[in-house]
>>> print(open('run_10.txt').read())   # compact mmCIF, C-alpha atoms
# COMPACT_ATOMS: atom_id res chain seq x y z
CA MET O 1 78.55 57.67 146.26
CA LYS O 2 75.42 55.57 145.75
CA LYS O 3 73.74 58.51 143.96
CA LEU O 4 76.81 58.87 141.73
CA PHE O 5 76.68 55.22 140.70
CA THR O 6 72.95 55.54 140.12
CA PHE O 7 73.56 58.60 137.91
CA ILE O 8 76.27 56.81 135.95
CA GLY O 9 73.99 53.81 135.53
CA VAL O 10 71.17 55.97 134.21
CA ILE O 11 73.54 57.65 131.75
CA LEU O 12 74.78 54.26 130.53
CA LEU O 13 71.23 53.01 130.09
CA LEU O 14 70.34 56.11 128.14
CA LEU O 15 73.40 55.68 125.94
CA ILE O 16 72.57 52.03 125.33
CA ALA O 17 69.00 52.94 124.53
CA ALA O 18 70.14 55.68 122.15
CA VAL O 19 72.51 53.29 120.37
CA ALA O 20 69.78 50.67 120.13
CA ILE O 21 67.29 53.17 118.72
CA TYR O 22 69.87 54.45 116.22
CA TYR O 23 70.72 50.88 115.20
CA PHE O 24 67.13 49.77 114.61
CA ALA O 25 66.27 53.04 112.86
CA ASN O 26 69.22 52.93 110.47
CA ASN O 27 70.19 49.29 110.03
CA GLU O 28 69.28 47.88 106.62
CA SER O 29 69.26 44.26 105.56
CA LEU O 30 71.47 43.23 102.68
CA PRO O 31 69.27 43.35 99.56
CA GLU O 32 68.93 40.39 97.26
CA GLY O 33 69.98 41.01 93.70
CA LYS O 34 69.75 39.26 90.36
CA LYS O 35 73.02 37.76 89.14
CA GLY O 36 73.88 37.01 85.54
CA LYS O 37 74.43 38.69 82.19
CA GLU O 38 72.34 41.77 83.00
CA ALA O 39 74.39 42.47 86.13
CA ASP O 40 77.64 42.05 84.21
CA ALA O 41 76.34 44.34 81.47
CA LEU O 42 75.58 47.04 84.05
CA ALA O 43 79.05 46.57 85.55
CA ILE O 44 80.65 46.98 82.10
CA LYS O 45 78.75 50.25 81.60
CA MET O 46 80.15 51.44 84.93
CA PHE O 47 83.65 50.30 83.86
CA ASN O 48 83.37 52.29 80.63
CA ALA O 49 82.13 55.37 82.49
CA ILE O 50 85.15 55.42 84.83
CA ASN O 51 87.67 54.67 82.04
CA HIS O 52 88.90 51.36 83.42
CA GLU O 53 91.33 50.95 80.51
CA ALA O 54 93.25 54.00 81.70
CA PHE O 55 93.35 52.54 85.22
CA GLU O 56 94.84 49.30 83.92
CA ASN O 57 97.58 51.32 82.19
CA THR O 58 98.25 53.63 85.16
CA GLU O 59 101.75 53.09 86.52
CA VAL O 60 101.81 55.10 89.78
CA LEU O 61 99.18 56.22 92.29
CA GLU O 62 99.74 58.52 95.27
CA TRP O 63 97.34 59.42 98.08
CA SER O 64 96.91 59.53 101.83
CA PHE O 65 94.16 58.36 104.17
CA ARG O 66 92.84 60.81 106.77
CA ASN O 67 96.28 62.43 106.78
CA GLU O 68 97.54 59.42 108.78
CA HIS O 69 98.69 56.85 106.22
CA PHE O 70 100.66 57.90 103.12
CA TYR O 71 101.06 55.88 99.92
CA ARG O 72 103.05 55.74 96.69
CA TRP O 73 101.91 52.69 94.75
CA ARG O 74 104.00 51.73 91.73
CA LYS O 75 101.18 49.61 90.40
CA SER O 76 102.95 48.53 87.23
CA ILE O 77 105.60 46.66 89.25
CA GLY O 78 103.51 45.82 92.32
CA LEU O 79 105.40 47.82 94.95
CA VAL O 80 103.77 50.10 97.53
CA GLU O 81 105.57 52.53 99.83
CA ILE O 82 103.44 52.92 102.99
CA LYS O 83 104.30 55.44 105.70
CA TRP O 84 102.69 56.15 109.07
CA ASP O 85 104.09 57.41 112.35
CA GLU O 86 107.71 56.22 112.52
CA ASN O 87 107.07 53.28 110.18
CA LYS O 88 107.80 52.73 106.50
CA VAL O 89 106.95 49.55 104.64
CA LEU O 90 107.92 48.69 101.06
CA PHE O 91 105.11 46.24 100.42
CA ASP O 92 105.63 43.78 97.58
CA THR O 93 102.06 43.02 96.46
CA LYS O 94 103.16 40.07 94.32
CA THR O 95 105.41 38.42 96.94
CA PRO O 96 104.54 39.89 100.38
CA ASN O 97 107.34 37.98 102.11
CA ASN O 98 109.84 40.00 100.03
CA SER O 99 108.58 43.25 101.57
CA THR O 100 111.01 45.51 103.45
CA LEU O 101 110.14 47.17 106.79
CA PHE O 102 111.68 50.13 108.57
CA VAL O 103 111.10 51.70 111.98
CA ASN O 104 112.80 55.07 112.50
CA ASP O 105 114.70 54.38 109.23
CA LYS O 106 116.13 51.14 110.63
CA LYS O 107 115.39 47.90 108.83
CA VAL O 108 113.42 45.44 110.95
CA ASN O 109 111.87 41.99 110.71
CA ASN O 110 108.37 42.34 112.13
CA PRO O 111 105.55 40.14 110.71
CA GLU O 112 102.93 41.96 112.79
CA LEU O 113 104.01 45.31 111.34
CA LEU O 114 103.80 43.86 107.81
CA LYS O 115 100.28 42.55 108.48
CA LYS O 116 99.24 45.95 109.79
CA ALA O 117 100.62 47.62 106.67
CA ILE O 118 98.78 45.16 104.42
CA ASP O 119 95.51 45.77 106.30
CA PHE O 120 96.01 49.53 105.97
CA PHE O 121 96.67 49.17 102.24
CA ASN O 122 93.67 46.90 101.63
CA ASN O 123 91.34 49.32 103.40
CA ASP O 124 92.80 52.64 102.25
CA SER O 125 93.31 51.65 98.60
CA PHE O 126 89.72 50.38 98.47
CA TRP O 127 88.50 53.86 99.38
CA LEU O 128 90.58 55.15 96.44
CA ILE O 129 89.95 52.62 93.66
CA ALA O 130 86.93 50.50 94.65
CA PRO O 131 85.03 51.28 91.41
CA TYR O 132 87.89 49.74 89.44
CA LYS O 133 87.67 46.46 91.41
CA ILE O 134 84.17 45.31 90.48
CA PHE O 135 85.51 42.51 88.26
CA ASP O 136 88.27 41.38 90.65
CA SER O 137 88.67 37.67 91.26
CA GLY O 138 86.20 36.53 93.92
CA THR O 139 83.56 39.19 93.17
CA GLN O 140 79.88 38.56 92.58
CA ARG O 141 77.74 41.10 90.71
CA SER O 142 74.00 41.54 91.05
CA ILE O 143 71.38 44.06 89.97
CA VAL O 144 69.30 45.62 92.74
CA LYS O 145 66.45 48.09 92.35
CA HIS O 146 67.23 51.23 94.37
CA GLU O 147 64.69 54.04 94.33
CA GLY O 148 63.30 52.70 91.07
CA LYS O 149 66.66 52.54 89.26
CA ASP O 150 69.20 49.78 88.66
CA ALA O 151 72.07 49.71 91.17
CA LEU O 152 75.04 47.34 91.18
CA LEU O 153 75.63 45.09 94.19
CA ILE O 154 79.21 43.80 94.52
CA THR O 155 80.02 41.06 97.03
CA TYR O 156 83.63 40.12 97.72
CA THR O 157 83.67 36.39 98.44
CA SER O 158 87.47 36.33 98.77
CA GLY O 159 90.51 38.60 98.82
CA GLY O 160 91.35 41.69 100.86
CA SER O 161 91.29 41.76 104.65
CA THR O 162 87.53 41.32 105.10
CA PRO O 163 86.05 38.88 102.58
CA GLY O 164 82.26 38.72 102.62
CA ASP O 165 81.70 42.48 102.45
CA SER O 166 79.08 43.86 100.05
CA TYR O 167 78.69 47.27 98.43
CA LEU O 168 75.68 48.61 96.56
CA TRP O 169 76.84 51.12 93.94
CA ILE O 170 74.43 53.95 93.12
CA LEU O 171 75.01 55.25 89.58
CA ASP O 172 74.02 58.45 87.79
CA GLU O 173 72.35 58.57 84.36
CA ASN O 174 75.77 58.02 82.71
CA TYR O 175 76.51 54.97 84.91
CA PHE O 176 79.11 56.92 86.87
CA PRO O 177 79.27 55.97 90.59
CA ILE O 178 78.06 58.68 92.97
CA SER O 179 77.78 56.70 96.24
CA TYR O 180 77.53 53.25 97.73
CA LYS O 181 75.84 51.50 100.63
CA MET O 182 77.99 49.14 102.70
CA TRP O 183 77.44 45.84 104.50
CA THR O 184 80.83 45.13 106.08
CA SER O 185 82.23 43.24 109.05
CA ILE O 186 83.84 46.34 110.55
CA ILE O 187 80.66 48.46 110.52
CA PRO O 188 77.89 46.87 112.64
CA ILE O 189 75.11 48.83 110.93
CA GLY O 190 74.09 47.61 107.49
CA GLY O 191 73.46 50.05 104.65
CA VAL O 192 75.71 52.89 105.81
CA SER O 193 76.28 55.07 102.75
CA ALA O 194 79.36 56.95 101.54
CA THR O 195 79.63 59.55 98.80
CA TRP O 196 81.76 59.13 95.69
CA THR O 197 81.28 62.60 94.27
CA ASP O 198 84.46 64.60 94.95
CA TRP O 199 86.42 63.31 91.97
CA LYS O 200 89.71 64.57 90.53
CA LYS O 201 90.82 63.99 86.92
CA THR O 202 94.42 62.76 87.06
CA GLU O 203 97.30 62.86 84.62
CA SER O 204 96.92 59.20 83.65
CA GLY O 205 93.32 59.80 82.60
CA ILE O 206 91.53 58.17 85.51
CA GLN O 207 89.36 59.92 88.07
CA LEU O 208 90.01 59.41 91.76
CA PRO O 209 88.04 60.57 94.82
CA THR O 210 89.50 63.29 97.03
CA LYS O 211 87.17 62.64 99.98
CA HIS O 212 84.11 60.71 101.10
CA THR O 213 81.28 61.64 103.47
CA LEU O 214 79.62 58.82 105.41
CA SER O 215 76.01 58.83 106.53
CA LEU O 216 77.30 57.58 109.90
CA PHE O 217 77.46 60.82 111.93
CA GLY O 218 78.62 62.75 108.83
CA MET O 219 82.15 61.32 109.13
CA GLN O 220 84.58 62.47 106.43
CA LEU O 221 87.45 60.49 104.93
CA ASP O 222 90.09 62.72 103.32
CA MET O 223 92.16 61.04 100.59
CA GLY O 224 94.80 63.78 100.50
CA ASP O 225 96.54 64.98 97.32
CA VAL O 226 95.57 62.14 94.99
CA LYS O 227 97.72 61.57 91.91
CA ALA O 228 97.91 58.99 89.12
CA TYR O 229 100.52 59.12 86.40
CA ASN O 230 102.63 56.99 84.07
CA GLU O 231 106.23 57.46 85.12
CA GLU O 232 107.94 55.30 82.48
CA ALA O 233 105.78 56.71 79.70
CA ASN O 234 106.69 60.23 80.80
CA ILE O 235 110.38 59.34 80.68
CA LEU O 236 109.99 57.97 77.15
CA ALA O 237 108.04 61.07 76.07
CA ASN O 238 110.74 63.34 77.47
CA ASN O 239 113.38 61.37 75.54
CA ILE O 240 111.44 62.08 72.34
CA LEU O 241 111.21 65.79 73.15
CA LYS O 242 114.92 65.94 73.81
CA ALA O 243 115.68 64.17 70.52
CA ILE O 244 113.63 66.66 68.47
CA ASN O 245 114.86 69.66 70.51
CA HIS O 246 111.49 70.60 71.95
CA GLU O 247 113.13 73.32 74.02
CA ALA O 248 113.97 75.17 70.79
CA TYR O 249 110.42 74.55 69.53
CA GLN O 250 108.99 76.28 72.61
CA LYS O 251 111.09 79.36 71.76
CA THR O 252 110.25 79.27 68.05
CA ASN O 253 108.21 82.32 67.02
CA PHE O 254 107.33 81.66 63.34
CA ILE O 255 106.70 78.48 61.34
CA GLU O 256 105.94 78.15 57.61
CA TRP O 257 104.95 75.04 55.68
CA SER O 258 102.44 73.67 53.21
CA PHE O 259 100.33 70.52 53.03
CA ARG O 260 100.53 68.49 49.82
CA GLU O 261 101.19 71.78 47.96
CA LYS O 262 97.49 72.58 48.30
CA ARG O 263 97.28 74.46 51.60
CA PHE O 264 99.81 76.99 52.83
CA PHE O 265 100.56 78.30 56.31
CA LYS O 266 102.41 81.15 57.98
CA TRP O 267 102.06 80.71 61.71
CA ASP O 268 102.92 83.47 64.15
CA LYS O 269 103.34 80.91 66.89
CA LYS O 270 104.31 83.42 69.54
CA ASN O 271 100.97 85.26 69.22
CA HIS O 272 99.09 82.21 67.92
CA VAL O 273 97.85 83.85 64.71
CA VAL O 274 98.07 81.91 61.46
CA ASP O 275 97.66 82.80 57.81
CA VAL O 276 95.83 79.88 56.15
CA SER O 277 95.57 79.81 52.33
CA TRP O 278 93.91 77.41 49.91
CA ASP O 279 92.55 77.88 46.40
CA SER O 280 91.73 81.61 46.17
CA ILE O 281 90.90 81.93 49.88
CA ARG O 282 93.11 83.28 52.62
CA VAL O 283 92.13 83.45 56.29
CA ASN O 284 93.98 85.46 58.88
CA LEU O 285 93.00 83.08 61.66
CA TYR O 286 92.91 83.71 65.41
CA PRO O 287 92.27 80.16 66.72
CA ASN O 288 91.64 81.38 70.28
CA ALA O 289 89.49 84.36 69.23
CA ILE O 290 87.69 83.38 66.04
CA GLU O 291 85.70 86.63 65.98
CA LYS O 292 88.93 88.55 65.28
CA SER O 293 89.67 86.48 62.15
CA SER O 294 89.55 87.96 58.63
CA ILE O 295 88.63 86.34 55.31
CA TYR O 296 90.04 87.30 51.89
CA PHE O 297 89.00 86.13 48.44
CA ASN O 298 91.63 86.87 45.79
CA GLU O 299 93.13 89.16 48.44
CA LYS O 300 89.90 91.17 48.77
CA ALA O 301 88.35 91.36 52.24
CA GLN O 302 85.10 89.43 52.62
CA ASN O 303 82.32 89.36 55.17
CA THR O 304 82.59 86.84 57.97
CA ASP O 305 81.59 83.34 56.87
CA GLU O 306 81.32 80.79 59.68
CA ASN O 307 81.71 77.84 57.31
CA ILE O 308 84.97 79.21 55.90
CA LEU O 309 86.27 79.99 59.39
CA LYS O 310 85.42 76.49 60.57
CA LYS O 311 87.16 75.01 57.55
CA ALA O 312 90.25 77.12 58.26
CA VAL O 313 90.30 75.91 61.87
CA ASP O 314 89.91 72.26 60.83
CA ILE O 315 92.61 72.61 58.17
CA PHE O 316 95.02 74.21 60.62
CA ASN O 317 94.35 71.59 63.30
CA ASN O 318 94.93 68.73 60.86
CA ASP O 319 97.87 70.11 58.89
CA SER O 320 99.78 71.50 61.88
CA PHE O 321 99.39 68.14 63.62
CA TRP O 322 101.24 66.48 60.73
CA LEU O 323 104.05 68.96 61.28
CA VAL O 324 104.38 69.31 65.05
CA ALA O 325 102.54 66.38 66.67
CA PRO O 326 105.66 65.03 68.47
CA HIS O 327 105.99 68.40 70.19
CA LYS O 328 102.46 68.01 71.65
CA LEU O 329 103.08 64.98 73.87
CA PHE O 330 102.49 66.93 77.08
CA ASP O 331 99.59 69.08 75.90
CA GLN O 332 96.67 69.38 78.29
CA GLY O 333 94.34 66.39 78.01
CA VAL O 334 97.01 64.02 76.62
CA ILE O 335 97.33 60.59 78.21
CA ARG O 336 100.68 58.84 77.75
CA THR O 337 101.21 55.08 78.07
CA ILE O 338 103.81 52.57 76.89
CA GLU O 339 102.97 49.95 74.27
CA LYS O 340 105.12 47.10 73.00
CA VAL O 341 105.52 47.08 69.20
CA ASP O 342 107.67 44.30 67.75
CA GLY O 343 109.20 43.76 71.18
CA LYS O 344 110.26 47.41 71.60
CA GLU O 345 108.81 50.23 73.64
CA ALA O 346 106.55 52.63 71.76
CA LEU O 347 104.64 55.61 73.12
CA LYS O 348 100.86 55.69 72.91
CA VAL O 349 99.24 59.11 73.26
CA LYS O 350 95.52 59.72 73.50
CA TYR O 351 94.02 63.19 73.06
CA THR O 352 91.01 63.51 75.33
CA THR O 353 90.46 67.21 74.57
CA GLY O 354 91.45 69.80 71.97
CA GLY O 355 91.75 69.71 68.19
CA SER O 356 88.89 68.82 65.86
CA THR O 357 88.56 65.15 66.81
CA PRO O 358 89.24 64.54 70.53
CA GLY O 359 89.48 60.85 71.39
CA ASP O 360 92.12 60.03 68.75
CA SER O 361 95.11 57.88 69.70
CA TYR O 362 98.56 57.48 68.14
CA ILE O 363 101.28 54.93 68.81
CA TRP O 364 104.71 56.40 68.10
CA ILE O 365 107.42 54.05 66.81
CA LEU O 366 110.91 55.43 67.43
CA ASP O 367 114.42 54.94 66.09
CA GLU O 368 117.43 54.19 68.29
CA ASN O 369 117.80 57.91 69.05
CA TYR O 370 114.13 58.34 70.08
CA ILE O 371 113.27 60.30 66.93
CA PRO O 372 109.81 59.29 65.66
CA LYS O 373 109.97 57.29 62.44
CA SER O 374 106.26 56.41 62.17
CA PHE O 375 103.00 56.24 64.06
CA LYS O 376 99.89 54.07 64.04
CA MET O 377 96.67 56.08 63.95
CA PHE O 378 93.47 55.22 65.79
CA VAL O 379 90.86 57.79 64.72
CA PRO O 380 87.29 56.61 65.46
CA SER O 381 85.66 59.41 63.44
CA MET O 382 87.50 58.21 60.30
CA LYS O 383 87.36 54.51 61.19
CA MET O 384 91.14 54.29 61.35
CA GLU O 385 92.35 51.32 63.38
CA GLY O 386 96.14 51.29 63.36
CA LEU O 387 96.75 52.92 59.97
CA GLU O 388 100.50 53.55 59.78
CA ALA O 389 102.25 56.67 58.51
CA THR O 390 105.95 57.44 58.35
CA TRP O 391 107.64 60.54 59.80
CA GLU O 392 110.72 61.14 57.74
CA ASP O 393 113.13 63.68 56.25
CA TRP O 394 113.53 65.48 59.56
CA ILE O 395 115.39 68.78 59.27
CA VAL O 396 117.04 71.01 61.83
CA THR O 397 115.36 74.36 61.29
CA GLU O 398 116.86 77.80 61.76
CA SER O 399 115.34 78.00 65.25
CA GLY O 400 117.06 74.73 66.16
CA THR O 401 114.02 72.50 66.48
CA LEU O 402 113.45 69.39 64.35
CA LEU O 403 110.47 69.16 61.98
CA PRO O 404 109.55 66.58 59.29
CA LYS O 405 109.28 67.34 55.58
CA ASN O 406 107.45 64.22 54.42
CA HIS O 407 105.11 61.40 55.42
CA VAL O 408 103.97 58.28 53.64
CA VAL O 409 100.56 56.93 54.66
CA ALA O 410 99.73 53.24 54.28
CA GLY O 411 102.91 52.78 52.27
CA LYS O 412 101.64 54.73 49.25
CA THR O 413 100.12 58.17 49.88
CA ILE O 414 102.76 60.91 50.15
CA LEU O 415 102.05 63.88 52.38
CA SER O 416 104.59 66.60 51.67
CA MET O 417 105.04 69.43 54.17
CA GLY O 418 106.63 71.59 51.46
CA GLU O 419 109.39 74.03 52.31
CA VAL O 420 109.43 73.86 56.10
CA LYS O 421 110.81 76.86 57.98
CA ALA O 422 110.97 77.69 61.68
CA THR O 423 112.58 80.88 62.96
CA ASN O 424 112.75 83.12 65.99
CA LYS O 425 112.45 86.33 63.95
>>> encode(input="run_10.txt", output="structure tokens")
Amino acid sequence: MKKLFTFIGVILLLLIAAVAIYYFANNESLPEGKKGKEADALAIKMFNAINHEAFENTEVLEWSFRNEHFYRWRKSIGLVEIKWDENKVLFDTKTPNNSTLFVNDKKVNNPELLKKAIDFFNNDSFWLIAPYKIFDSGTQRSIVKHEGKDALLITYTSGGSTPGDSYLWILDENYFPISYKMWTSIIPIGGVSATWTDWKKTESGIQLPTKHTLSLFGMQLDMGDVKAYNEEANILANNILKAINHEAYQKTNFIEWSFREKRFFKWDKKNHVVDVSWDSIRVNLYPNAIEKSSIYFNEKAQNTDENILKKAVDIFNNDSFWLVAPHKLFDQGVIRTIEKVDGKEALKVKYTTGGSTPGDSYIWILDENYIPKSFKMFVPSMKMEGLEATWEDWIVTESGTLLPKNHVVAGKTILSMGEVKATNK
């Protein structure tokens, strides 16, 4: 028995020695940084890189933490559904005492359970959205040199479950966060790092991490099936599509129109081939396979001309947008949010990809039936900041979908769509 105790004692000493060696070999002191305008400027560059504006407008986030805690956070109204084991908590972030708790689907009054849920949320949401919290109330920002480059040190002097924690954000050449080092009360070793590299682009336009890998024994934190979307904006967008009979538009095979009686179009929408005509030029355009396109001058075939093909593509992108833009609200790369215009809900859409000028935004103003009556245009490439254009003279086409015949820009310039036709033939 004495030998057994001696053996156990030796093992314990070895373990203690190993822990001590690991601690002294890996523990880092909290670096001192330089506070002030330069630190805030670096933080703003990081904010711009991660699209903080889209985060502010995001209505709902969903994720899990290590497949143990599950969340649906309706951020726009401050309500979080938290589930784990047999527990469910509807956490009111604005008034915690108004939260509702359930155990095995039975409503309970349990302050300790509520505190546990809040602690879970504070920790698990931080691992999801920490980059978006660098300007939260109670944060201090400093610049620290890390491997010869500027890094951003964030210290939380208040808020959350563990005030006093610090995080050193390591940024890439575009100021996008790729990892951080931590000095926290729950991890005894200072400077433990965690990756922020496994990002997912979400529907609302923000990027969220799907997992993290810690330098501490290679531990992984799985964030589950992360989602971020704008529920109310999607409802409003669907109301617009219903009003203009988007279902019929999806089944429409052919569309004809003109633009200011200068450019003329016959669009085989089913096969996505369009005849584009202006002046004495006609292009049989294959937008998704430009090399298959044909050019005609006075109806005589011409050799391929990249400038003419590019002009045909740009014309089609612009002029078709003026005809069918409301039908493109759910295109890939479109971010939908709600804006208030004159006290009423309007739909803001931002095109992050596609077309000739990605990055453009439009705020749709609607009538009482959700049919667009105008939009405000924000087009950086043309220095448009809220220029308004009407959408009027809507017609029900042969295919059943609704399309506009006219627009008026800035109250004076008329954009006629000519004789608009849409058929299934």
>>> residues_around(input="run_10.txt", residues="region 68-75 of chain O", least_positions_apart="6", cutoff="8 Å", atoms="only C-alpha atoms", output="PyMOL selection string")
chain O and resi 58-62+81-85+120
>>> closest_residue(input="run_10.txt", among="O:Pro96, O:Trp196, O:Val103, O:Glu173", to="Trp127 (chain O)", atoms="only C-alpha atoms")
O:Trp196
>>> closest_residue(input="run_10.txt", among="O:Trp199, O:Tyr132, O:Trp183, O:Trp169", to="His146 (chain O)", atoms="all atoms listed in the file")
O:Trp169
>>> residues_around(input="run_10.txt", residues="region 108-114 of chain O", least_positions_apart="6", cutoff="12 Å", atoms="all atoms listed in the file", output="ChimeraX atom specification")
/O:81-84,86-93,96-102,120-121
>>> closest_residue(input="run_10.txt", among="O:Glu32, O:Leu42, O:Lys270, O:Pro209", to="Thr252 (chain O)", atoms="all atoms listed in the file")
O:Lys270
>>> atom_distance(input="run_10.txt", atom1="CA of Val324 (chain O)", atom2="CA of Lys251 (chain O)")
13.8 Å
>>> atom_distance(input="run_10.txt", atom1="CA of Thr139 (chain O)", atom2="CA of Ile335 (chain O)")
29.5 Å
>>> residues_around(input="run_10.txt", residues="Leu329 (chain O)", least_positions_apart="6", cutoff="10 Å", atoms="all atoms listed in the file", output="list of chain:residue names")
O:Asn234, O:Ala237, O:Asn238, O:Ile240, O:Leu241, O:Ile335, O:Arg336, O:Leu347, O:Lys348, O:Val349, O:Lys350, O:Tyr351
>>> atom_distance(input="run_10.txt", atom1="CA of Tyr167 (chain O)", atom2="CA of Lys94 (chain O)")
25.8 Å
>>> residues_around(input="run_10.txt", residues="region 280-296 of chain O", least_positions_apart="5", cutoff="12 Å", atoms="all atoms listed in the file", output="tab-separated table (two decimals) with C-alpha atoms, in the frame of the given file")
chain	number	residue	atom	x	y	z
O	262	LYS	CA	97.49	72.58	48.30
O	263	ARG	CA	97.28	74.46	51.60
O	264	PHE	CA	99.81	76.99	52.83
O	265	PHE	CA	100.56	78.30	56.31
O	266	LYS	CA	102.41	81.15	57.98
O	267	TRP	CA	102.06	80.71	61.71
O	268	ASP	CA	102.92	83.47	64.15
O	269	LYS	CA	103.34	80.91	66.89
O	271	ASN	CA	100.97	85.26	69.22
O	272	HIS	CA	99.09	82.21	67.92
O	273	VAL	CA	97.85	83.85	64.71
O	274	VAL	CA	98.07	81.91	61.46
O	275	ASP	CA	97.66	82.80	57.81
O	301	ALA	CA	88.35	91.36	52.24
O	302	GLN	CA	85.10	89.43	52.62
O	303	ASN	CA	82.32	89.36	55.17
O	304	THR	CA	82.59	86.84	57.97
O	305	ASP	CA	81.59	83.34	56.87
O	306	GLU	CA	81.32	80.79	59.68
O	307	ASN	CA	81.71	77.84	57.31
O	308	ILE	CA	84.97	79.21	55.90
O	309	LEU	CA	86.27	79.99	59.39
O	310	LYS	CA	85.42	76.49	60.57
O	311	LYS	CA	87.16	75.01	57.55
O	312	ALA	CA	90.25	77.12	58.26
O	313	VAL	CA	90.30	75.91	61.87
O	314	ASP	CA	89.91	72.26	60.83
O	315	ILE	CA	92.61	72.61	58.17
O	316	PHE	CA	95.02	74.21	60.62
O	317	ASN	CA	94.35	71.59	63.30
O	354	GLY	CA	91.45	69.80	71.97
O	355	GLY	CA	91.75	69.71	68.19
O	356	SER	CA	88.89	68.82	65.86
>>> residues_around(input="run_10.txt", residues="Thr213 (chain O)", least_positions_apart="4", cutoff="12 Å", atoms="all atoms listed in the file", output="list in words")
Trp127, Ile178, Ser179, Tyr180, Lys181, Val192, Ser193, Ala194, Thr195, Trp196, Thr197, Asp198, Pro209, Phe217, Gly218, Met219, Gln220, Leu221, Asp222 and Met223 of chain O
>>> closest_residue(input="run_10.txt", among="O:His52, O:Lys383, O:Arg260, O:Lys242", to="Pro326 (chain O)", atoms="all atoms listed in the file")
O:Lys242
>>> closest_residue(input="run_10.txt", among="O:Ile365, O:Ile44, O:Ala151, O:Ala130", to="Thr390 (chain O)", atoms="all atoms listed in the file")
O:Ile365
>>> closest_residue(input="run_10.txt", among="O:Ser204, O:Thr353, O:Asn318, O:Asn369", to="Glu53 (chain O)", atoms="all atoms listed in the file")
O:Ser204
